[in-house]
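S.K.: My structure is below; once you've seen it, I'll send some questions.
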Amino acid sequence: MLELTDLKVEVSGKEILHGVNLTIDTAQTHVLFGPNGAGKTTLLMSIMGFPEYTVTGGRILFKEEDITHLPLHERARRGIGMSFQRPPTIKGLKTRQIIELSGRGGTDIDEIAGEVNLGYLLDRDVNDGFSGGEIKRSEMAQLIAQQPSFVLLDEPESGVDLENISLLGGAINKLLQKDMKRRRVNSCLIITHTGYILDYVEADVGHILLGGRISCSGNPREMLGHIKESGYEECAICPSC
Amino acid sequence: MSKLLDDLTKRAEAAIDKKAPFGENIDLRKYINPSERYEYVENLETLSEEEKERLMAVGIDTKAKQRSGSFIQHDTTVRHRDSTQEGVEVMGTAEALAKYDWMEEYWWKAVAVDQDKYTAHVQLHQNDGYFIRTLPGVKTTFPLQACLYLKEEQITQNVHNIIIAEEGSELHIITGCTTGPHVKEGIHLGVSEFFIKKGAKVSFTMIHGWNENVAVRPRTGIIIEEDGVFLSNYILLRRAHSLQMYPNAYLNGANATARFNSIIAVPEGSHVDGGARTYLRAPGAKAEIISRTISTGGTVISRGHMIGEVPGVKAHMECNGLILSEHGIVAAVPELEGRVADVEMSHEAAVGKIAKEEIEYLMARGLSEEEAKSTIIRGFLDVKIMGLPPHLENAIKKAVETGQQGFM
């Protein structure tokens, strides 16, 4: 579904990603680990197509189409969706409206809000004074309305209490059609620091991003165990990478 | 009354060249005092299609459904006035002056006749205006509507309005001021004096829709007694060559409340200098000024001056401005003046272009850049900030949406 080949990305004239290769197949969930400053968020933002992330080399294929230079909204319309870690507040725009806009009409907003316990926030301005958990649930409601086939999640569990992680996990599983064994098509790339979300969402492949390159790929739970035990310093000198 | 009028005339004559502290100094001699009179209409539906269209664009419903009364003035002529609710009076101010001896208790009591050359001009060349009054305890079921309309080219319309909400009454007014579609140049001078008695509540929603070279100088004073509430909503989304106003609210009674909301967009060639000044003169008085301004090439200045004169008052001001073109100017000039300790006064102001993060956030949901910008602007101009009753909110929303099409 998504194929990155030797992807190089600059932000404000400084190269952050130095040639990332990554393939995510249909119906797969991948997890991205890495220390602060490794370029994880840059990778997600580059896939989504934010203009300040300039691709200076390599390419991005999505559903076999080269989208390397496609504008942000065109990528969203082709089926890429993203949950933001720190989304902006938009005064005057109601949460109900942004969910409706994300679904481009024909969305049962109240039903979606019910799924992520967001009903009481529908008539509030988007992200205005929301708690960490409320922001994540609002992001999830927008994505459920948007129905992307490829989902980018930037630290979905940060700032969220355990009860909400479980609720978010359920929503992510629904978004990723985890209950559909055979007909599942949706794929996902998740950034996680703590790994808590992996208790609720089953992941297929894990990657470690170090210094702007993918240094290691494998079983996500095993990788998380290693990271918790030895930190990322070990990754840097690991002979298998 | 005649002695009072003589005195007022003398003061006006002395102030006829007195410049206003803000706004372009307009030469009133280039305008003519209108002489043409128009016939009275019983039913607003019999006005011309052109006139009806202009009225509707500023929130006036010519079918007058869900309205407790209407007042329409073309140039100097009162074309229509009626009230459909007992205890609510609607008439021209000339008629009210003839009818009520006590009018002198209100006449030029909230605005000084010699404030500047424009107030002086209104006194010396007055062409009616509206008188609206709710009797004690009467609450309007539906809002009243009033329209002041410039019909002839190059004229000066000089109106003097008196609005009185007697004790415990509640009055909602929607007023639309506009010009005929062919009027290129003219000036509207409007003096409005509001008297909000003990425990009364007035909401005053004004939509302006002027033409290219029209100048506008409203002069407004509001006197609010104990527990009285005054809510002003002002909407201007079309070009006005030069508009300057700075209403004064005097919160004289304990727990008096005043709130001024405005939504203003200025295209190229428009210069708007607006705001409000509030004098908090009794314990528990509260005032709020909230403005949302957009420039697509013109200049808009949002002023606010809040004066806390006694302990235990609260005042807050918010001025937010968006600049949507290279040449537009948006200025916020908030002033807080506490004259004693124990006042709670604050302001926040933000001026700039639409935040890139907001545009990109919406684009990540599939909206094009243009769609994202329009969505953010619509939210910025959300009439919900005004706290209007639902049927009035819908009328205002429609007017705002129509106005937005002009600059988006």
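All residue names refer to the structure tokens as shown: chains lettered A, B, ... in order, residues numbered from 1 in each chain, ligands numbered from 1 in order.
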Find the residues near Ser35 (chain B): any atom within 9 Å, counting only C-alpha atoms, skip ones fewer than 3 places away on the same chain, and give them as a ChimeraX atom specification.
M.R.: /B:32,75-76
S.K.: With only C-alpha atoms considered, list every residue of chain A at most 7 Å from chain B, as a list of chain:residue names.
M.R.: A:Leu72, A:His73, A:Glu74, A:Ala76, A:Arg77, A:Gly81, A:Pro88, A:Ile90, A:Lys91, A:Gly92, A:Leu93, A:Ser102, A:Gln146
S.K.: Pick out the residues sitting within 8 Å of region 230-245 of chain B, and hand them over as a PyMOL selection string; count only C-alpha atoms, and ignore anything fewer than 3 positions along from it in its own chain.
M.R.: chain B and resi 22-24+196+201-220+224+257-275+386+400+403-404+406
S.K.: May I have the residues from that selection written out with N, CA and C atoms, as a short mmCIF file (atom, residue, chain, number, x, y, z; two decimals), in the first residue's frame?
M.R.:
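Saved the output as result-v4.cif:
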data_model
loop_
_atom_site.label_atom_id
_atom_site.label_comp_id
_atom_site.auth_asym_id
_atom_site.auth_seq_id
_atom_site.Cartn_x
_atom_site.Cartn_y
_atom_site.Cartn_z
N PHE B 22 -11.54 61.45 15.89
CA PHE B 22 -11.14 60.32 15.03
C PHE B 22 -11.85 60.42 13.68
N GLY B 23 -11.25 59.78 12.68
CA GLY B 23 -11.90 59.69 11.37
C GLY B 23 -11.63 60.92 10.51
N GLU B 24 -11.79 60.70 9.20
CA GLU B 24 -11.58 61.78 8.23
C GLU B 24 -12.55 62.93 8.53
N ILE B 196 -31.87 52.79 29.25
CA ILE B 196 -32.22 51.45 29.74
C ILE B 196 -32.53 51.63 31.23
N LYS B 201 -33.88 45.31 29.64
CA LYS B 201 -32.86 44.67 28.81
C LYS B 201 -33.08 45.07 27.35
N VAL B 202 -32.04 45.51 26.69
CA VAL B 202 -32.16 45.87 25.27
C VAL B 202 -31.07 45.16 24.49
N SER B 203 -31.48 44.49 23.41
CA SER B 203 -30.45 44.01 22.47
C SER B 203 -30.65 44.78 21.17
N PHE B 204 -29.56 45.29 20.66
CA PHE B 204 -29.61 46.17 19.49
C PHE B 204 -28.65 45.60 18.46
N THR B 205 -29.21 45.06 17.39
CA THR B 205 -28.37 44.42 16.38
C THR B 205 -28.42 45.26 15.11
N MET B 206 -27.29 45.77 14.72
CA MET B 206 -27.26 46.70 13.59
C MET B 206 -26.43 46.12 12.45
N ILE B 207 -27.06 46.06 11.28
CA ILE B 207 -26.34 45.59 10.10
C ILE B 207 -26.23 46.76 9.13
N HIS B 208 -25.03 47.07 8.75
CA HIS B 208 -24.82 48.15 7.78
C HIS B 208 -24.48 47.57 6.41
N GLY B 209 -25.06 48.15 5.38
CA GLY B 209 -24.73 47.73 4.02
C GLY B 209 -24.68 48.95 3.13
N TRP B 210 -23.53 49.60 3.07
CA TRP B 210 -23.42 50.88 2.35
C TRP B 210 -22.86 50.67 0.96
N ASN B 211 -22.85 51.74 0.20
CA ASN B 211 -22.23 51.68 -1.12
C ASN B 211 -20.86 52.35 -1.09
N GLU B 212 -20.21 52.30 -2.25
CA GLU B 212 -18.78 52.64 -2.32
C GLU B 212 -18.33 53.96 -1.69
N ASN B 213 -18.99 55.03 -2.02
CA ASN B 213 -18.49 56.33 -1.56
C ASN B 213 -19.37 56.96 -0.48
N VAL B 214 -19.98 56.12 0.30
CA VAL B 214 -20.86 56.64 1.35
C VAL B 214 -20.06 56.80 2.64
N ALA B 215 -20.25 57.95 3.27
CA ALA B 215 -19.61 58.19 4.57
C ALA B 215 -20.66 58.03 5.67
N VAL B 216 -20.23 57.56 6.82
CA VAL B 216 -21.18 57.26 7.89
C VAL B 216 -20.61 57.74 9.22
N ARG B 217 -21.41 58.48 9.95
CA ARG B 217 -20.96 58.96 11.27
C ARG B 217 -22.07 58.75 12.31
N PRO B 218 -22.20 57.53 12.83
CA PRO B 218 -23.17 57.34 13.91
C PRO B 218 -22.63 57.95 15.20
N ARG B 219 -23.52 58.49 16.00
CA ARG B 219 -23.13 59.06 17.29
C ARG B 219 -24.11 58.51 18.32
N THR B 220 -23.60 57.69 19.23
CA THR B 220 -24.50 56.93 20.10
C THR B 220 -24.13 57.09 21.57
N ILE B 224 -27.45 53.36 31.26
CA ILE B 224 -27.98 52.10 31.80
C ILE B 224 -28.14 52.23 33.31
N THR B 257 -25.07 46.22 32.93
CA THR B 257 -24.23 45.42 32.04
C THR B 257 -24.27 45.98 30.62
N ALA B 258 -23.12 46.04 29.99
CA ALA B 258 -23.08 46.43 28.57
C ALA B 258 -22.13 45.50 27.84
N ARG B 259 -22.57 45.08 26.66
CA ARG B 259 -21.69 44.22 25.88
C ARG B 259 -21.75 44.68 24.42
N PHE B 260 -20.60 44.87 23.83
CA PHE B 260 -20.52 45.29 22.43
C PHE B 260 -19.81 44.21 21.62
N ASN B 261 -20.52 43.65 20.64
CA ASN B 261 -19.88 42.69 19.74
C ASN B 261 -19.84 43.30 18.35
N SER B 262 -18.76 43.11 17.64
CA SER B 262 -18.80 43.57 16.26
C SER B 262 -18.06 42.63 15.33
N ILE B 263 -18.63 42.53 14.14
CA ILE B 263 -18.04 41.72 13.06
C ILE B 263 -17.91 42.65 11.87
N ILE B 264 -16.67 42.95 11.51
CA ILE B 264 -16.45 43.96 10.47
C ILE B 264 -15.46 43.44 9.43
N ALA B 265 -15.82 43.57 8.16
CA ALA B 265 -14.87 43.22 7.10
C ALA B 265 -14.70 44.45 6.21
N VAL B 266 -13.45 44.77 5.88
CA VAL B 266 -13.22 45.96 5.05
C VAL B 266 -12.49 45.60 3.76
N PRO B 267 -13.18 45.75 2.63
CA PRO B 267 -12.50 45.56 1.35
C PRO B 267 -11.67 46.80 1.02
N GLU B 268 -10.92 46.71 -0.06
CA GLU B 268 -10.09 47.84 -0.47
C GLU B 268 -10.97 49.09 -0.66
N GLY B 269 -10.47 50.22 -0.20
CA GLY B 269 -11.22 51.46 -0.36
C GLY B 269 -12.11 51.77 0.83
N SER B 270 -12.15 50.87 1.79
CA SER B 270 -12.98 51.08 2.98
C SER B 270 -12.10 51.53 4.14
N HIS B 271 -12.59 52.49 4.90
CA HIS B 271 -11.87 52.91 6.10
C HIS B 271 -12.88 52.93 7.24
N VAL B 272 -12.70 52.03 8.18
CA VAL B 272 -13.65 51.92 9.28
C VAL B 272 -12.91 52.11 10.60
N ASP B 273 -13.41 53.03 11.39
CA ASP B 273 -12.80 53.32 12.69
C ASP B 273 -13.93 53.18 13.71
N GLY B 274 -13.91 52.06 14.44
CA GLY B 274 -15.05 51.80 15.32
C GLY B 274 -14.62 51.34 16.69
N GLY B 275 -15.58 51.10 17.54
CA GLY B 275 -15.27 50.62 18.88
C GLY B 275 -16.34 51.04 19.87
N MET B 386 -22.53 36.44 19.63
CA MET B 386 -23.45 37.52 19.98
C MET B 386 -24.53 37.11 20.97
N VAL B 400 -24.76 37.57 7.34
CA VAL B 400 -23.30 37.41 7.37
C VAL B 400 -22.85 36.52 6.20
N GLY B 403 -23.01 38.49 3.07
CA GLY B 403 -21.92 39.46 3.06
C GLY B 403 -20.59 38.81 2.77
N GLN B 404 -20.38 37.62 3.32
CA GLN B 404 -19.10 36.93 3.13
C GLN B 404 -18.84 36.61 1.67
N GLY B 406 -19.26 38.30 -0.69
CA GLY B 406 -18.66 39.46 -1.35
C GLY B 406 -17.16 39.54 -1.23
#
S.K.: So which bits of region 15-185 of chain A end up strand (DSSP E) when you DSSP the backbone, as a PyMOL selection string?
M.R.: chain A and resi 15-24+29-33+53-62+65-66+80-83+90-94+125-126+150-154
S.K.: With a distance cut-off of 12 Å and only C-alpha atoms, select the neighbouring residues of Met223 (chain A), excluding the residue or stretch itself and same-chain residues fewer than 2 positions from it, and output the selection as a JSON list (two decimals) with C-alpha atoms, in the first residue's frame.
M.R.:
[["chain", "number", "residue", "atom", "x", "y", "z"],
["A", 31, "VAL", "CA", 5.09, 0.69, 14.63],
["A", 32, "LEU", "CA", 7.89, 3.23, 14.63],
["A", 33, "PHE", "CA", 10.18, 3.53, 17.64],
["A", 34, "GLY", "CA", 13.04, 5.93, 18.10],
["A", 195, "GLY", "CA", 4.37, 1.23, 23.69],
["A", 198, "LEU", "CA", 0.43, -2.04, 21.72],
["A", 203, "ALA", "CA", 0.97, -4.56, 15.35],
["A", 204, "ASP", "CA", 2.65, -6.65, 12.66],
["A", 205, "VAL", "CA", 6.05, -5.04, 12.17],
["A", 206, "GLY", "CA", 8.22, -2.68, 14.24],
["A", 207, "HIS", "CA", 10.94, -0.30, 13.05],
["A", 208, "ILE", "CA", 13.55, 1.73, 14.85],
["A", 215, "SER", "CA", 18.13, 0.99, 11.56],
["A", 216, "CYS", "CA", 16.18, -2.09, 12.48],
["A", 217, "SER", "CA", 12.90, -3.88, 11.71],
["A", 218, "GLY", "CA", 11.29, -6.85, 13.35],
["A", 219, "ASN", "CA", 8.73, -8.11, 15.84],
["A", 220, "PRO", "CA", 7.35, -4.99, 17.54],
["A", 221, "ARG", "CA", 6.86, -6.54, 20.99],
["A", 225, "GLY", "CA", 11.24, -5.27, 25.20],
["A", 226, "HIS", "CA", 14.82, -4.61, 24.06],
["A", 227, "ILE", "CA", 14.32, -0.86, 24.08],
["A", 228, "LYS", "CA", 12.85, -0.94, 27.58],
["A", 229, "GLU", "CA", 15.76, -3.05, 28.76],
["A", 230, "SER", "CA", 18.70, -1.37, 27.05],
["A", 231, "GLY", "CA", 17.47, 1.91, 25.56],
["A", 232, "TYR", "CA", 18.35, 3.10, 22.09],
["A", 234, "GLU", "CA", 22.20, -0.58, 22.23],
["A", 235, "CYS", "CA", 20.39, -0.14, 18.91]]
S.K.: Just checking: using only C-alpha atoms, which residue out of B:Ile294, B:Leu47, B:Leu135, B:Val111 ends up closest to Tyr246 (chain B)?
M.R.: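 Of the candidates, the smallest distance to Tyr246 (chain B) is held by B:Val111.
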S.K.: Neighbouring residues of Ser187 (chain A) were defined as those with any atom within 6 Å, considering only C-alpha atoms; residues of the same chain fewer than 5 positions away were excluded. Please report them as an NGL selection string.
M.R.: :A and (26-29 or 150)
S.K.: From the list B:Leu171, B:Leu8, B:Ala120, B:Ile162, which residue is nearest Glu95 (chain B) when using only C-alpha atoms?
M.R.: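 Selected residue with least distance to Glu95 (chain B): B:Ile162.
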S.K.: What's the separation between CA of Gly228 (chain B) and CA of Ala282 (chain B), in Å to one decimal place?
M.R.: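 These two atoms are separated by 11.8 Å.
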S.K.: Write out as a VMD selection string the residues lying within 10 Å of Ile67 (chain A), counting only C-alpha atoms and excluding same-chain residues fewer than 5 positions away.
M.R.: chain A and resid 47 to 49 59 to 62 72 74 to 75 78
S.K.: Quick one: everything within 7 Å of Thr5 (chain A), counting only C-alpha atoms, minus sequence neighbours fewer than 2 positions away in the same chain. Send it as number ranges by chain.
M.R.: A: 3, 7, 20-22, 58-60
S.K.: Please save N, CA, C and O atoms of the selected residues as a PDB file, in the first residue's frame.
M.R.:
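Just written: out38.pdb:
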ATOM      1  N   GLU A   3       4.968   2.665  -0.080  1.00  0.00           N
ATOM      2  CA  GLU A   3       6.360   2.271  -0.299  1.00  0.00           C
ATOM      3  C   GLU A   3       7.237   3.527  -0.338  1.00  0.00           C
ATOM      4  O   GLU A   3       7.054   4.392  -1.188  1.00  0.00           O
ATOM      5  N   LEU A   7      14.010   7.804   0.895  1.00  0.00           N
ATOM      6  CA  LEU A   7      13.377   9.109   1.104  1.00  0.00           C
ATOM      7  C   LEU A   7      14.271  10.044   1.919  1.00  0.00           C
ATOM      8  O   LEU A   7      14.669   9.738   3.039  1.00  0.00           O
ATOM      9  N   VAL A  20      15.190   6.969   3.801  1.00  0.00           N
ATOM     10  CA  VAL A  20      14.363   5.972   4.511  1.00  0.00           C
ATOM     11  C   VAL A  20      13.746   5.023   3.490  1.00  0.00           C
ATOM     12  O   VAL A  20      13.174   5.447   2.483  1.00  0.00           O
ATOM     13  N   ASN A  21      13.873   3.728   3.769  1.00  0.00           N
ATOM     14  CA  ASN A  21      13.213   2.709   2.950  1.00  0.00           C
ATOM     15  C   ASN A  21      12.206   1.985   3.823  1.00  0.00           C
ATOM     16  O   ASN A  21      12.554   1.514   4.912  1.00  0.00           O
ATOM     17  N   LEU A  22      10.977   1.918   3.369  1.00  0.00           N
ATOM     18  CA  LEU A  22       9.927   1.309   4.196  1.00  0.00           C
ATOM     19  C   LEU A  22       8.788   0.857   3.292  1.00  0.00           C
ATOM     20  O   LEU A  22       8.353   1.600   2.414  1.00  0.00           O
ATOM     21  N   GLY A  58      14.490  10.537  -3.380  1.00  0.00           N
ATOM     22  CA  GLY A  58      13.662   9.357  -3.180  1.00  0.00           C
ATOM     23  C   GLY A  58      12.219   9.612  -3.566  1.00  0.00           C
ATOM     24  O   GLY A  58      11.889  10.648  -4.161  1.00  0.00           O
ATOM     25  N   ARG A  59      11.347   8.650  -3.231  1.00  0.00           N
ATOM     26  CA  ARG A  59       9.940   8.829  -3.623  1.00  0.00           C
ATOM     27  C   ARG A  59       8.997   8.109  -2.680  1.00  0.00           C
ATOM     28  O   ARG A  59       9.388   7.226  -1.904  1.00  0.00           O
ATOM     29  N   ILE A  60       7.730   8.537  -2.757  1.00  0.00           N
ATOM     30  CA  ILE A  60       6.667   7.922  -1.951  1.00  0.00           C
ATOM     31  C   ILE A  60       5.623   7.359  -2.925  1.00  0.00           C
ATOM     32  O   ILE A  60       5.055   8.105  -3.728  1.00  0.00           O
TER      33      ILE A  60
END
S.K.: Report, in Å to a single decimal, how far apart CA of Ile197 (chain A) and CA of Thr42 (chain A) are.
M.R.: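 According to the coordinates, CA of Thr42 (chain A) and CA of Ile197 (chain A) are separated by 20.6 Å.
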S.K.: Report the distance between CA of Glu89 (chain B) and CA of His74 (chain B) in Å, rounded to one decimal place.
M.R.: 19.9 Å
S.K.: Please report, as a list of chain:residue names, each residue of region 94-309 of chain B to which DSSP assigns alpha helix (DSSP H) when run on this structure's backbone.
M.R.: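 Taking region 94-309 of chain B and keeping alpha helix (DSSP H) only, one gets B:Ala94, B:Glu95, B:Ala96, B:Leu97, B:Ala98, B:Lys99, B:Lys117, B:Tyr118, B:Thr119, B:Ala120, B:His121, B:Val122, B:Gln123, B:Leu124.
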S.K.: Go ahead and write the residues just picked, N, CA and C atoms, as a PDB file, in the first residue's frame.
M.R.:
ATOM      1  N   ALA B  94     -39.997  63.044  15.243  1.00  0.00           N
ATOM      2  CA  ALA B  94     -40.734  64.308  15.145  1.00  0.00           C
ATOM      3  C   ALA B  94     -42.122  64.119  15.744  1.00  0.00           C
ATOM      4  N   GLU B  95     -42.738  62.984  15.441  1.00  0.00           N
ATOM      5  CA  GLU B  95     -44.066  62.675  15.968  1.00  0.00           C
ATOM      6  C   GLU B  95     -44.017  62.529  17.498  1.00  0.00           C
ATOM      7  N   ALA B  96     -42.952  61.868  17.981  1.00  0.00           N
ATOM      8  CA  ALA B  96     -42.811  61.658  19.431  1.00  0.00           C
ATOM      9  C   ALA B  96     -42.601  62.994  20.141  1.00  0.00           C
ATOM     10  N   LEU B  97     -41.847  63.883  19.514  1.00  0.00           N
ATOM     11  CA  LEU B  97     -41.612  65.207  20.116  1.00  0.00           C
ATOM     12  C   LEU B  97     -42.921  65.994  20.235  1.00  0.00           C
ATOM     13  N   ALA B  98     -43.764  65.841  19.217  1.00  0.00           N
ATOM     14  CA  ALA B  98     -45.052  66.545  19.237  1.00  0.00           C
ATOM     15  C   ALA B  98     -46.002  65.910  20.254  1.00  0.00           C
ATOM     16  N   LYS B  99     -45.875  64.597  20.422  1.00  0.00           N
ATOM     17  CA  LYS B  99     -46.821  63.856  21.260  1.00  0.00           C
ATOM     18  C   LYS B  99     -46.500  63.948  22.755  1.00  0.00           C
ATOM     19  N   LYS B 117     -18.997  68.305  14.876  1.00  0.00           N
ATOM     20  CA  LYS B 117     -19.755  68.944  13.795  1.00  0.00           C
ATOM     21  C   LYS B 117     -20.923  68.071  13.310  1.00  0.00           C
ATOM     22  N   TYR B 118     -20.796  66.735  13.476  1.00  0.00           N
ATOM     23  CA  TYR B 118     -21.844  65.845  12.960  1.00  0.00           C
ATOM     24  C   TYR B 118     -23.100  65.880  13.855  1.00  0.00           C
ATOM     25  N   THR B 119     -22.874  65.886  15.180  1.00  0.00           N
ATOM     26  CA  THR B 119     -24.036  65.988  16.078  1.00  0.00           C
ATOM     27  C   THR B 119     -24.685  67.368  15.885  1.00  0.00           C
ATOM     28  N   ALA B 120     -23.847  68.371  15.730  1.00  0.00           N
ATOM     29  CA  ALA B 120     -24.379  69.729  15.521  1.00  0.00           C
ATOM     30  C   ALA B 120     -25.231  69.782  14.253  1.00  0.00           C
ATOM     31  N   HIS B 121     -24.721  69.129  13.191  1.00  0.00           N
ATOM     32  CA  HIS B 121     -25.434  69.132  11.906  1.00  0.00           C
ATOM     33  C   HIS B 121     -26.797  68.448  12.039  1.00  0.00           C
ATOM     34  N   VAL B 122     -26.819  67.356  12.822  1.00  0.00           N
ATOM     35  CA  VAL B 122     -28.099  66.633  13.009  1.00  0.00           C
ATOM     36  C   VAL B 122     -29.107  67.546  13.710  1.00  0.00           C
ATOM     37  N   GLN B 123     -28.652  68.273  14.716  1.00  0.00           N
ATOM     38  CA  GLN B 123     -29.574  69.167  15.432  1.00  0.00           C
ATOM     39  C   GLN B 123     -30.096  70.281  14.507  1.00  0.00           C
ATOM     40  N   LEU B 124     -29.207  70.776  13.664  1.00  0.00           N
ATOM     41  CA  LEU B 124     -29.602  71.927  12.837  1.00  0.00           C
ATOM     42  C   LEU B 124     -30.393  71.539  11.584  1.00  0.00           C
TER      43      LEU B 124
END
